[in-house]
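Next comes upload_7.cif, with mmCIF, C-alpha atoms.
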```
data_structure
loop_
_atom_site.label_atom_id
_atom_site.label_comp_id
_atom_site.auth_asym_id
_atom_site.auth_seq_id
_atom_site.Cartn_x
_atom_site.Cartn_y
_atom_site.Cartn_z
CA MET A 23 43.69 -89.31 -57.22
CA ARG A 24 44.30 -86.76 -59.93
CA ASN A 25 45.63 -83.41 -58.93
CA PHE A 26 43.55 -80.35 -59.75
CA ALA A 27 44.87 -76.84 -59.36
CA PRO A 28 42.39 -74.78 -57.35
CA MET A 29 40.56 -71.98 -59.14
CA SER A 30 42.11 -68.73 -58.03
CA ILE A 31 39.72 -66.19 -56.52
CA GLN A 32 39.83 -64.30 -59.83
CA GLN A 33 38.62 -67.30 -61.84
CA TYR A 34 34.90 -66.85 -61.94
CA PRO A 35 32.79 -69.21 -64.03
CA SER A 36 31.90 -66.35 -66.39
CA ARG A 37 34.02 -63.58 -67.88
CA LEU A 38 31.04 -61.22 -67.78
CA LEU A 39 30.74 -61.90 -64.07
CA GLU A 40 34.46 -61.42 -63.57
CA ARG A 41 34.42 -58.08 -65.39
CA ALA A 42 31.49 -56.77 -63.34
CA VAL A 43 33.13 -57.94 -60.10
CA SER A 44 36.41 -56.24 -61.06
CA GLU A 45 34.53 -52.99 -61.72
CA PHE A 46 32.67 -53.12 -58.41
CA ALA A 47 35.92 -53.94 -56.60
CA LYS A 48 37.30 -50.59 -57.78
CA LEU A 49 34.80 -48.82 -55.52
CA PRO A 50 36.51 -47.51 -52.38
CA GLY A 51 36.18 -49.91 -49.45
CA ILE A 52 34.73 -52.73 -51.58
CA GLY A 53 36.79 -55.93 -51.77
CA ARG A 54 36.33 -58.77 -54.26
CA LYS A 55 34.08 -60.83 -51.98
CA THR A 56 31.72 -57.93 -51.37
CA ALA A 57 31.90 -57.02 -55.06
CA LEU A 58 30.79 -60.55 -55.97
CA ARG A 59 27.90 -60.30 -53.52
CA LEU A 60 26.82 -56.95 -55.00
CA VAL A 61 27.05 -58.27 -58.57
CA LEU A 62 25.07 -61.43 -57.79
CA GLN A 63 22.42 -59.23 -56.19
CA GLN A 64 22.19 -57.32 -59.48
CA LEU A 65 21.50 -60.62 -61.24
CA ARG A 66 18.47 -61.14 -59.02
CA ARG A 67 17.00 -57.75 -59.99
CA GLU A 68 14.84 -56.92 -63.00
CA PRO A 69 17.01 -56.17 -66.06
CA GLU A 70 15.34 -52.74 -66.33
CA ALA A 71 16.43 -51.89 -62.78
CA VAL A 72 20.05 -52.74 -63.58
CA HIS A 73 19.87 -50.74 -66.80
CA ALA A 74 18.54 -47.78 -64.79
CA PHE A 75 21.47 -48.15 -62.37
CA ALA A 76 24.00 -48.18 -65.21
CA GLN A 77 22.23 -45.31 -66.98
CA SER A 78 22.27 -43.15 -63.84
CA LEU A 79 26.04 -43.52 -63.77
CA THR A 80 26.66 -42.63 -67.40
CA ASP A 81 24.16 -39.75 -67.30
CA LEU A 82 25.90 -38.35 -64.23
CA ILE A 83 29.41 -38.56 -65.64
CA ASP A 84 28.34 -37.20 -69.05
CA ASP A 85 26.03 -34.39 -67.98
CA VAL A 86 27.00 -33.22 -64.50
CA LYS A 87 27.97 -29.56 -64.24
CA TYR A 88 29.73 -27.49 -61.62
CA CYS A 89 28.29 -24.12 -60.65
CA HIS A 90 30.51 -21.44 -62.24
CA VAL A 91 30.14 -19.26 -59.13
CA CYS A 92 30.59 -21.60 -56.15
CA HIS A 93 31.82 -24.80 -57.92
CA ASN A 94 29.21 -26.97 -56.21
CA ILE A 95 27.77 -29.86 -58.23
CA SER A 96 24.76 -28.66 -60.20
CA ASP A 97 22.48 -29.48 -63.12
CA THR A 98 22.77 -25.92 -64.39
CA ASP A 99 25.58 -23.42 -64.94
CA THR A 100 24.55 -21.55 -61.79
CA CYS A 101 23.47 -23.78 -58.90
CA ASP A 102 20.14 -23.43 -57.10
CA ILE A 103 21.76 -21.85 -54.05
CA CYS A 104 23.69 -19.19 -55.99
CA ALA A 105 20.63 -18.50 -58.15
CA ASN A 106 18.30 -18.11 -55.14
CA PRO A 107 17.63 -14.39 -54.48
CA GLN A 108 16.46 -15.29 -50.95
CA ARG A 109 19.98 -16.31 -49.95
CA ASP A 110 22.25 -13.72 -48.34
CA ALA A 111 24.85 -12.87 -51.00
CA THR A 112 26.99 -10.90 -48.52
CA THR A 113 28.15 -14.08 -46.74
CA ILE A 114 30.24 -16.85 -48.26
CA CYS A 115 30.88 -20.13 -46.46
CA VAL A 116 34.12 -21.75 -47.66
CA VAL A 117 33.91 -25.57 -47.66
CA GLU A 118 36.07 -28.39 -48.91
CA ASN A 119 33.55 -30.43 -50.88
CA VAL A 120 29.95 -31.19 -51.80
CA GLN A 121 29.32 -33.31 -48.72
CA ASN A 122 30.19 -30.34 -46.52
CA VAL A 123 27.68 -28.15 -48.35
CA LEU A 124 25.04 -30.80 -47.58
CA ALA A 125 26.15 -30.94 -43.94
CA MET A 126 25.90 -27.15 -43.57
CA GLU A 127 22.49 -27.06 -45.30
CA GLN A 128 21.17 -29.70 -42.93
CA THR A 129 21.83 -27.47 -39.93
CA GLY A 130 19.11 -25.15 -41.26
CA GLN A 131 21.12 -22.31 -39.69
CA TYR A 132 22.87 -20.96 -42.76
CA HIS A 133 21.31 -18.88 -45.49
CA GLY A 134 24.33 -17.37 -47.22
CA LEU A 135 26.21 -18.66 -50.26
CA TYR A 136 28.99 -21.23 -50.52
CA HIS A 137 32.39 -21.61 -52.12
CA VAL A 138 33.54 -25.18 -52.73
CA LEU A 139 37.36 -25.32 -52.79
CA GLY A 140 37.52 -28.87 -54.10
CA GLY A 141 39.98 -29.93 -51.38
CA VAL A 142 42.43 -28.43 -48.89
CA ILE A 143 46.10 -27.56 -49.16
CA SER A 144 48.01 -30.77 -48.53
CA PRO A 145 51.66 -30.83 -49.69
CA MET A 146 51.83 -34.53 -48.71
CA ASP A 147 49.18 -35.30 -51.34
CA GLY A 148 50.64 -32.83 -53.84
CA ILE A 149 47.72 -30.43 -53.47
CA GLY A 150 48.79 -26.80 -53.50
CA PRO A 151 46.70 -23.61 -53.68
CA GLN A 152 46.76 -23.76 -57.51
CA GLN A 153 44.74 -26.99 -57.49
CA LEU A 154 41.99 -25.38 -55.43
CA GLU A 155 39.32 -22.80 -56.29
CA ILE A 156 41.03 -20.04 -54.30
CA ASP A 157 41.61 -17.49 -57.09
CA SER A 158 37.92 -17.57 -57.95
CA LEU A 159 37.11 -16.95 -54.27
CA ILE A 160 39.33 -13.84 -54.26
CA ALA A 161 37.63 -12.76 -57.49
CA ARG A 162 34.19 -13.09 -55.86
CA VAL A 163 35.35 -11.02 -52.88
CA SER A 164 36.87 -8.39 -55.20
CA LYS A 165 33.40 -7.57 -56.54
CA GLY A 166 32.80 -5.80 -53.21
CA GLN A 167 29.45 -7.27 -52.19
CA VAL A 168 30.79 -9.82 -49.70
CA LYS A 169 30.95 -8.78 -46.04
CA GLU A 170 31.88 -12.04 -44.31
CA ILE A 171 33.73 -15.22 -45.16
CA ILE A 172 32.98 -18.17 -42.88
CA PHE A 173 35.65 -20.87 -43.02
CA ALA A 174 33.98 -24.26 -42.56
CA LEU A 175 36.91 -26.52 -43.39
CA ASN A 176 37.59 -29.68 -41.42
CA PRO A 177 39.44 -28.96 -38.15
CA THR A 178 42.68 -30.59 -39.31
CA ILE A 179 46.22 -29.38 -39.98
CA GLU A 180 45.39 -29.17 -43.69
CA GLY A 181 42.15 -27.31 -43.05
CA ASP A 182 43.90 -24.81 -40.77
CA THR A 183 46.73 -24.36 -43.30
CA THR A 184 44.17 -23.58 -45.97
CA ASN A 185 42.36 -21.11 -43.67
CA PHE A 186 45.68 -19.42 -42.98
CA TYR A 187 46.66 -19.26 -46.65
CA ILE A 188 43.32 -17.78 -47.75
CA THR A 189 43.37 -15.31 -44.84
CA ARG A 190 46.78 -14.09 -46.04
CA ARG A 191 45.45 -13.72 -49.59
CA LEU A 192 42.62 -11.54 -48.24
CA THR A 193 44.78 -8.92 -46.43
CA ASP A 194 43.80 -6.40 -49.14
CA PHE A 195 40.23 -6.44 -47.81
CA PRO A 196 40.57 -5.11 -44.23
CA ASN A 197 36.82 -4.56 -43.81
CA LEU A 198 35.95 -8.14 -44.70
CA ARG A 199 34.96 -10.17 -41.62
CA LEU A 200 36.75 -13.55 -41.54
CA THR A 201 35.37 -16.21 -39.19
CA GLN A 202 35.68 -19.92 -38.68
CA LEU A 203 33.37 -22.49 -37.07
CA SER A 204 33.83 -22.68 -33.31
CA ARG A 205 35.63 -25.71 -31.93
CA GLY A 206 34.73 -27.37 -28.67
CA VAL A 207 32.97 -30.29 -27.08
CA CYS A 208 30.24 -31.91 -29.19
CA VAL A 209 26.63 -31.32 -28.10
CA GLY A 210 25.47 -34.38 -26.13
CA ASP A 211 29.02 -35.73 -25.77
CA ASP A 212 30.64 -36.85 -22.52
CA LEU A 213 33.61 -34.76 -21.29
CA GLU A 214 35.27 -37.97 -20.08
CA TYR A 215 35.60 -39.15 -23.67
CA THR A 216 36.42 -35.81 -25.30
CA ASP A 217 40.04 -35.70 -26.47
CA GLU A 218 42.29 -33.34 -24.50
CA VAL A 219 43.07 -31.03 -27.42
CA THR A 220 39.38 -30.36 -28.06
CA LEU A 221 38.67 -29.97 -24.34
CA GLY A 222 41.61 -27.58 -23.95
CA ARG A 223 40.40 -25.58 -26.94
CA SER A 224 36.87 -25.38 -25.56
CA LEU A 225 38.33 -24.04 -22.30
CA LEU A 226 40.30 -21.32 -24.10
CA ASP A 227 37.27 -20.42 -26.26
CA ARG A 228 34.84 -20.47 -23.35
CA VAL A 229 31.71 -18.36 -23.77
CA ASP A 230 30.29 -15.97 -21.16
CA LEU A 231 26.92 -17.07 -19.84
CA ARG A 232 26.13 -13.50 -18.65
CA GLN A 233 26.85 -10.85 -21.20
CA MET B 1 16.68 -13.42 -39.06
CA ARG B 2 14.78 -15.15 -41.85
CA ASN B 3 13.84 -18.74 -41.33
CA PHE B 4 15.17 -21.26 -43.82
CA ALA B 5 13.95 -24.85 -43.95
CA PRO B 6 16.91 -27.23 -43.90
CA MET B 7 17.55 -29.26 -47.04
CA SER B 8 16.48 -32.82 -46.35
CA ILE B 9 19.16 -35.47 -46.83
CA GLN B 10 17.50 -36.34 -50.16
CA GLN B 11 17.88 -32.83 -51.54
CA TYR B 12 21.15 -32.95 -53.40
CA PRO B 13 22.26 -29.94 -55.43
CA SER B 14 21.84 -31.94 -58.65
CA ARG B 15 19.10 -34.32 -59.75
CA LEU B 16 21.66 -36.38 -61.69
CA LEU B 17 23.61 -36.75 -58.46
CA GLU B 18 20.46 -37.62 -56.53
CA ARG B 19 19.48 -40.30 -59.03
CA ALA B 20 22.93 -41.92 -58.98
CA VAL B 21 22.99 -41.82 -55.16
CA SER B 22 19.53 -43.41 -55.01
CA GLU B 23 20.68 -46.20 -57.33
CA PHE B 24 23.83 -46.88 -55.31
CA ALA B 25 21.79 -46.84 -52.09
CA LYS B 26 19.80 -49.81 -53.44
CA LEU B 27 22.92 -51.97 -53.15
CA PRO B 28 22.71 -54.24 -50.10
CA GLY B 29 24.48 -52.76 -47.08
CA ILE B 30 25.00 -49.34 -48.73
CA GLY B 31 23.28 -46.39 -47.05
CA ARG B 32 22.80 -42.94 -48.55
CA LYS B 33 25.97 -41.46 -47.02
CA THR B 34 28.14 -44.25 -48.39
CA ALA B 35 26.28 -44.06 -51.70
CA LEU B 36 27.10 -40.35 -51.96
CA ARG B 37 30.77 -41.09 -51.22
CA LEU B 38 30.84 -43.79 -53.92
CA VAL B 39 29.14 -41.52 -56.47
CA LEU B 40 31.46 -38.59 -55.78
CA GLN B 41 34.40 -40.96 -56.23
CA GLN B 42 33.01 -41.83 -59.66
CA LEU B 43 33.06 -38.12 -60.52
CA ARG B 44 36.79 -38.06 -59.83
CA ARG B 45 37.45 -40.93 -62.27
CA GLU B 46 37.99 -40.73 -66.01
CA PRO B 47 34.65 -40.72 -67.88
CA GLU B 48 35.79 -43.81 -69.84
CA ALA B 49 36.31 -45.72 -66.58
CA VAL B 50 32.79 -44.90 -65.40
CA HIS B 51 31.39 -45.88 -68.79
CA ALA B 52 33.25 -49.21 -68.54
CA PHE B 53 31.74 -49.74 -65.08
CA ALA B 54 28.22 -49.08 -66.36
CA GLN B 55 28.81 -51.20 -69.47
CA SER B 56 30.03 -54.16 -67.42
CA LEU B 57 26.71 -54.08 -65.57
CA THR B 58 24.49 -53.94 -68.65
CA ASP B 59 26.58 -56.56 -70.47
CA LEU B 60 26.27 -58.88 -67.50
CA ILE B 61 22.52 -58.51 -67.10
CA ASP B 62 21.88 -58.76 -70.85
CA ASP B 63 24.21 -61.61 -71.75
CA VAL B 64 24.80 -63.80 -68.70
CA LYS B 65 23.77 -67.44 -69.10
CA TYR B 66 23.20 -70.26 -66.68
CA CYS B 67 24.63 -73.71 -67.44
CA HIS B 68 21.74 -75.93 -68.57
CA VAL B 69 23.27 -78.87 -66.70
CA CYS B 70 24.36 -77.52 -63.30
CA HIS B 71 22.73 -74.00 -63.35
CA ASN B 72 25.99 -72.29 -62.46
CA ILE B 73 26.63 -68.85 -64.01
CA SER B 74 28.36 -69.27 -67.35
CA ASP B 75 29.18 -67.50 -70.60
CA THR B 76 28.08 -70.57 -72.56
CA ASP B 77 25.13 -72.96 -72.49
CA THR B 78 27.29 -75.60 -70.80
CA CYS B 79 29.68 -74.25 -68.18
CA ASP B 80 33.43 -74.91 -68.22
CA ILE B 81 33.21 -77.38 -65.36
CA CYS B 82 30.41 -79.48 -66.91
CA ALA B 83 32.15 -79.36 -70.29
CA ASN B 84 35.51 -80.47 -68.87
CA PRO B 85 36.11 -84.19 -69.66
CA GLN B 86 38.77 -84.27 -66.92
CA ARG B 87 36.14 -83.79 -64.22
CA ASP B 88 34.62 -86.83 -62.56
CA ALA B 89 31.06 -87.04 -63.91
CA THR B 90 30.06 -89.74 -61.41
CA THR B 91 30.06 -87.28 -58.49
CA ILE B 92 27.76 -84.29 -58.08
CA CYS B 93 28.24 -81.71 -55.35
CA VAL B 94 24.95 -79.99 -54.47
CA VAL B 95 25.45 -76.33 -53.48
CA GLU B 96 23.18 -73.41 -52.79
CA ASN B 97 24.72 -70.74 -55.01
CA VAL B 98 27.61 -69.54 -57.18
CA GLN B 99 29.69 -68.37 -54.22
CA ASN B 100 29.64 -71.89 -52.82
CA VAL B 101 30.92 -73.32 -56.11
CA LEU B 102 33.82 -70.86 -55.87
CA ALA B 103 34.45 -71.84 -52.24
CA MET B 104 34.53 -75.56 -53.11
CA GLU B 105 36.81 -74.95 -56.12
CA GLN B 106 39.25 -73.04 -53.94
CA THR B 107 39.80 -76.07 -51.74
CA GLY B 108 41.46 -77.75 -54.74
CA GLN B 109 40.12 -81.04 -53.32
CA TYR B 110 37.09 -81.54 -55.51
CA HIS B 111 37.10 -82.68 -59.11
CA GLY B 112 33.52 -83.78 -59.68
CA LEU B 113 30.61 -81.76 -61.05
CA TYR B 114 28.21 -79.37 -59.32
CA HIS B 115 24.52 -78.75 -59.07
CA VAL B 116 23.51 -75.22 -58.07
CA LEU B 117 20.08 -75.29 -56.39
CA GLY B 118 19.64 -71.53 -56.43
CA GLY B 119 18.73 -71.43 -52.74
CA VAL B 120 17.52 -73.70 -49.96
CA ILE B 121 14.04 -74.66 -48.79
CA SER B 122 12.86 -71.87 -46.51
CA PRO B 123 9.11 -71.66 -45.86
CA MET B 124 9.66 -68.42 -43.92
CA ASP B 125 10.97 -66.80 -47.12
CA GLY B 126 8.35 -68.52 -49.28
CA ILE B 127 10.95 -70.76 -50.94
CA GLY B 128 9.67 -74.28 -51.52
CA PRO B 129 11.22 -77.19 -53.48
CA GLN B 130 9.48 -75.94 -56.66
CA GLN B 131 11.54 -72.74 -56.65
CA LEU B 132 14.80 -74.72 -56.57
CA GLU B 133 16.58 -76.81 -59.22
CA ILE B 134 15.70 -80.10 -57.53
CA ASP B 135 13.76 -81.78 -60.36
CA SER B 136 16.69 -81.26 -62.71
CA LEU B 137 18.99 -82.88 -60.12
CA ILE B 138 16.74 -85.96 -59.98
CA ALA B 139 16.76 -85.98 -63.79
CA ARG B 140 20.57 -85.94 -63.84
CA VAL B 141 20.68 -88.84 -61.38
CA SER B 142 18.08 -90.77 -63.41
CA LYS B 143 20.53 -91.00 -66.32
CA GLY B 144 22.39 -93.59 -64.26
CA GLN B 145 25.96 -92.29 -64.48
CA VAL B 146 26.06 -90.63 -61.05
CA LYS B 147 27.44 -92.68 -58.14
CA GLU B 148 27.64 -90.11 -55.34
CA ILE B 149 25.86 -86.92 -54.35
CA ILE B 150 27.77 -84.72 -51.92
CA PHE B 151 25.54 -82.25 -50.09
CA ALA B 152 27.51 -79.06 -49.48
CA LEU B 153 24.72 -76.80 -48.24
CA ASN B 154 25.22 -74.39 -45.37
CA PRO B 155 24.96 -76.12 -41.97
CA THR B 156 21.68 -74.39 -41.07
CA ILE B 157 18.13 -75.56 -40.42
CA GLU B 158 17.22 -74.62 -44.01
CA GLY B 159 20.25 -76.44 -45.41
CA ASP B 160 19.47 -79.57 -43.39
CA THR B 161 15.80 -79.43 -44.42
CA THR B 162 16.86 -79.26 -48.06
CA ASN B 163 19.28 -82.19 -47.59
CA PHE B 164 16.48 -84.20 -46.01
CA TYR B 165 13.97 -83.35 -48.74
CA ILE B 166 16.34 -84.27 -51.57
CA THR B 167 17.39 -87.47 -49.77
CA ARG B 168 13.71 -88.45 -49.62
CA ARG B 169 13.31 -87.73 -53.32
CA LEU B 170 16.25 -90.06 -54.05
CA THR B 171 14.90 -93.18 -52.31
CA ASP B 172 14.40 -94.79 -55.75
CA PHE B 173 18.19 -94.91 -56.17
CA PRO B 174 19.36 -97.23 -53.35
CA ASN B 175 22.86 -97.67 -54.81
CA LEU B 176 23.52 -93.95 -54.96
CA ARG B 177 25.91 -92.84 -52.21
CA LEU B 178 24.63 -89.72 -50.39
CA THR B 179 27.11 -87.78 -48.26
CA GLN B 180 27.37 -84.40 -46.65
CA LEU B 181 30.34 -82.28 -45.60
CA SER B 182 31.61 -83.20 -42.14
CA ARG B 183 30.84 -80.80 -39.33
CA GLY B 184 33.22 -80.12 -36.49
CA VAL B 185 35.74 -77.67 -35.08
CA CYS B 186 37.37 -75.35 -37.62
CA VAL B 187 41.02 -76.04 -38.47
CA GLY B 188 43.17 -73.60 -36.47
CA ASP B 189 40.28 -72.64 -34.19
CA ASP B 190 40.35 -72.60 -30.40
CA LEU B 191 38.08 -75.13 -28.62
CA GLU B 192 37.40 -72.50 -25.94
CA TYR B 193 35.61 -70.34 -28.50
CA THR B 194 33.88 -73.11 -30.46
CA ASP B 195 30.13 -73.09 -29.87
CA GLU B 196 28.78 -76.04 -27.87
CA VAL B 197 26.61 -77.43 -30.68
CA THR B 198 29.58 -77.67 -33.04
CA LEU B 199 31.82 -79.10 -30.32
CA GLY B 200 29.16 -81.67 -29.36
CA ARG B 201 28.77 -82.62 -33.00
CA SER B 202 32.51 -83.01 -33.47
CA LEU B 203 32.55 -85.34 -30.43
CA LEU B 204 29.76 -87.52 -31.87
CA ASP B 205 31.43 -87.56 -35.29
CA ARG B 206 34.92 -88.24 -33.87
CA VAL B 207 37.34 -89.96 -36.25
CA ASP B 208 39.55 -92.95 -35.38
CA LEU B 209 43.25 -92.10 -35.42
CA ARG B 210 44.24 -95.78 -35.77
CA GLN B 211 42.27 -97.61 -38.41
#
```
Can I see the file as structure tokens?
Amino acid sequence: MRNFAPMSIQQYPSRLLERAVSEFAKLPGIGRKTALRLVLQQLRREPEAVHAFAQSLTDLIDDVKYCHVCHNISDTDTCDICANPQRDATTICVVENVQNVLAMEQTGQYHGLYHVLGGVISPMDGIGPQQLEIDSLIARVSKGQVKEIIFALNPTIEGDTTNFYITRRLTDFPNLRLTQLSRGVCVGDDLEYTDEVTLGRSLLDRVDLRQ
Amino acid sequence: MRNFAPMSIQQYPSRLLERAVSEFAKLPGIGRKTALRLVLQQLRREPEAVHAFAQSLTDLIDDVKYCHVCHNISDTDTCDICANPQRDATTICVVENVQNVLAMEQTGQYHGLYHVLGGVISPMDGIGPQQLEIDSLIARVSKGQVKEIIFALNPTIEGDTTNFYITRRLTDFPNLRLTQLSRGVCVGDDLEYTDEVTLGRSLLDRVDLRQ
């Protein structure tokens, strides 16, 4: 029997297919098998639908803007939140990224403005204060209208470091209220499965029931 | 305190962002949260890279061909496997889809040709024999060169039904050898965790060690 070398996993029957699979496999968390499945699903769609998919990507990358005030993603120079006169311009919520703006908005509890840092200080990843939108935050505060900054960064070492750094940068504004989201047990969670650091923190930060 | 309606999960700060997220969320197994993560990752890439991603999709959908012999995806009218004179043209392996061609090729054990049905008979999904490339398989066999058909469909009810249907269609070719992949315990698997149907089948289909 003749000997045939097996096709490697990269050797697809079509170079067009291979190129599309390679591009999909660059998506985070998508391996080559999943990429192939996604690409073959595209082949079963109407050509117009796939064109619309591709067009949405190029339109986004070519035309997306970032709000010049809060640095959130926007279609305009000033985003809808910053441009909304109904929002409370005396409060700024400092968040890491766009997803966190969405998360805060979904609470329905916040009606101030935002400031998207674009990350948190993380020397391990080579991200220092200069890479983040911290100077522009100080500039916004310097205009004098802001009364409170709410830090809504992730409760991690990097988030806390960033809180600490920005707090230090704001020592020139003694009347500015600086707050951060409370930490404690999750609503609906079971104490048995709450990690001990969180539980300990919720004990220290306990809230009076009778005030 | 004024009452603010929460942004729904669809209300992204940018319509361009929303459109891209909606397109990504159409991918199988990708929800809106994952879609947002994938889209935001695109925004962190070089614009050229995102354009290449989009272009690979449109090129694929516009230019992909299917081999006119075996119906596998191809860049040319006849795919590389069908056009290869080294391959054994007397044997045809019947598979459901492109992924299964790749799986067979990776064994390195097969050097015949393929026939991609494009699915299996599944009345529940409205797929009958007319939707599959069965007539063209009979036509290939009718040319007289083929000596064996190997059925390599998934070992499911639908796969077995399709095997049975095609076998019936081939009764006019009594000298044609019809085979299917053996079924039994997986190599390296543990009998304790093999399902009873497979184990029973592997008992019935047991192979003589001394021949």
*Return the neighbours of chain A among the residues of chain B, cut-off 6 Å, counting all atoms listed in the file, as a PyMOL selection string.*
chain B and resi 5-7+13-14+16+20+23+51+53-54+56-58+60+74-75+105-106+108
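Interatomic distance, atom CA of A:Ser224 to atom CA of A:Val117: 22.3 Å.
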*Residue neighbourhood stretch 117-120 of chain B, 12 Å, all atoms listed in the file, exclusion window fewer than 2 positions, as a ChimeraX atom specification*: /A:62,66 /B:66,69-73,92-101,114-115,122-138,151-166
*Which residue out of B:Val197, B:Ala25, B:Leu113, B:Ile149 has the minimum interatomic distance to B:Leu170 when all atoms listed in the file are used?*
B:Ile149
Set up a box along x, y and z of the file covering all listed atoms of stretch 97-116 of chain A, add 6 Å on every one of the six sides, and write the centre and edge lengths in Å to one decimal, as JSON.
```
{"center_x": 25.3, "center_y": -20.2, "center_z": -55.7, "size_x": 29.7, "size_y": 30.6, "size_z": 30.5}
```
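Computed from the coordinates, the atom CA of B:Ala89 to atom CA of B:Asp77 distance equals 17.5 Å.
Put simply, the PyMOL selection byres ((chain B and resi 176) around 8) on this file hits Val146, Lys147, Glu148, Ile149, Phe173, Pro174, Asn175, Arg177 and Leu178 of chain B.
Note that atom CA of B:Val116 and atom CA of B:Cys186 are 24.7 Å apart.
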*asked:* Please expand the PyMOL selection byres ((chain B and resi 183) around 7) into the concrete residues it hits in this file, giving the result as JSON, numbers by chain.
replied: {"B": [181, 182, 184, 201, 202]}
Kindly save the residues from that selection, with C-alpha atoms included, as an mmCIF file, in the coordinates of the input.
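For reference, out_33.cif as written:
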```
data_model
loop_
_atom_site.group_PDB
_atom_site.id
_atom_site.type_symbol
_atom_site.label_atom_id
_atom_site.label_comp_id
_atom_site.auth_asym_id
_atom_site.auth_seq_id
_atom_site.Cartn_x
_atom_site.Cartn_y
_atom_site.Cartn_z
ATOM 1 C CA LEU B 181 30.340 -82.280 -45.600
ATOM 2 C CA SER B 182 31.610 -83.200 -42.140
ATOM 3 C CA GLY B 184 33.220 -80.120 -36.490
ATOM 4 C CA ARG B 201 28.770 -82.620 -33.000
ATOM 5 C CA SER B 202 32.510 -83.010 -33.470
#
```
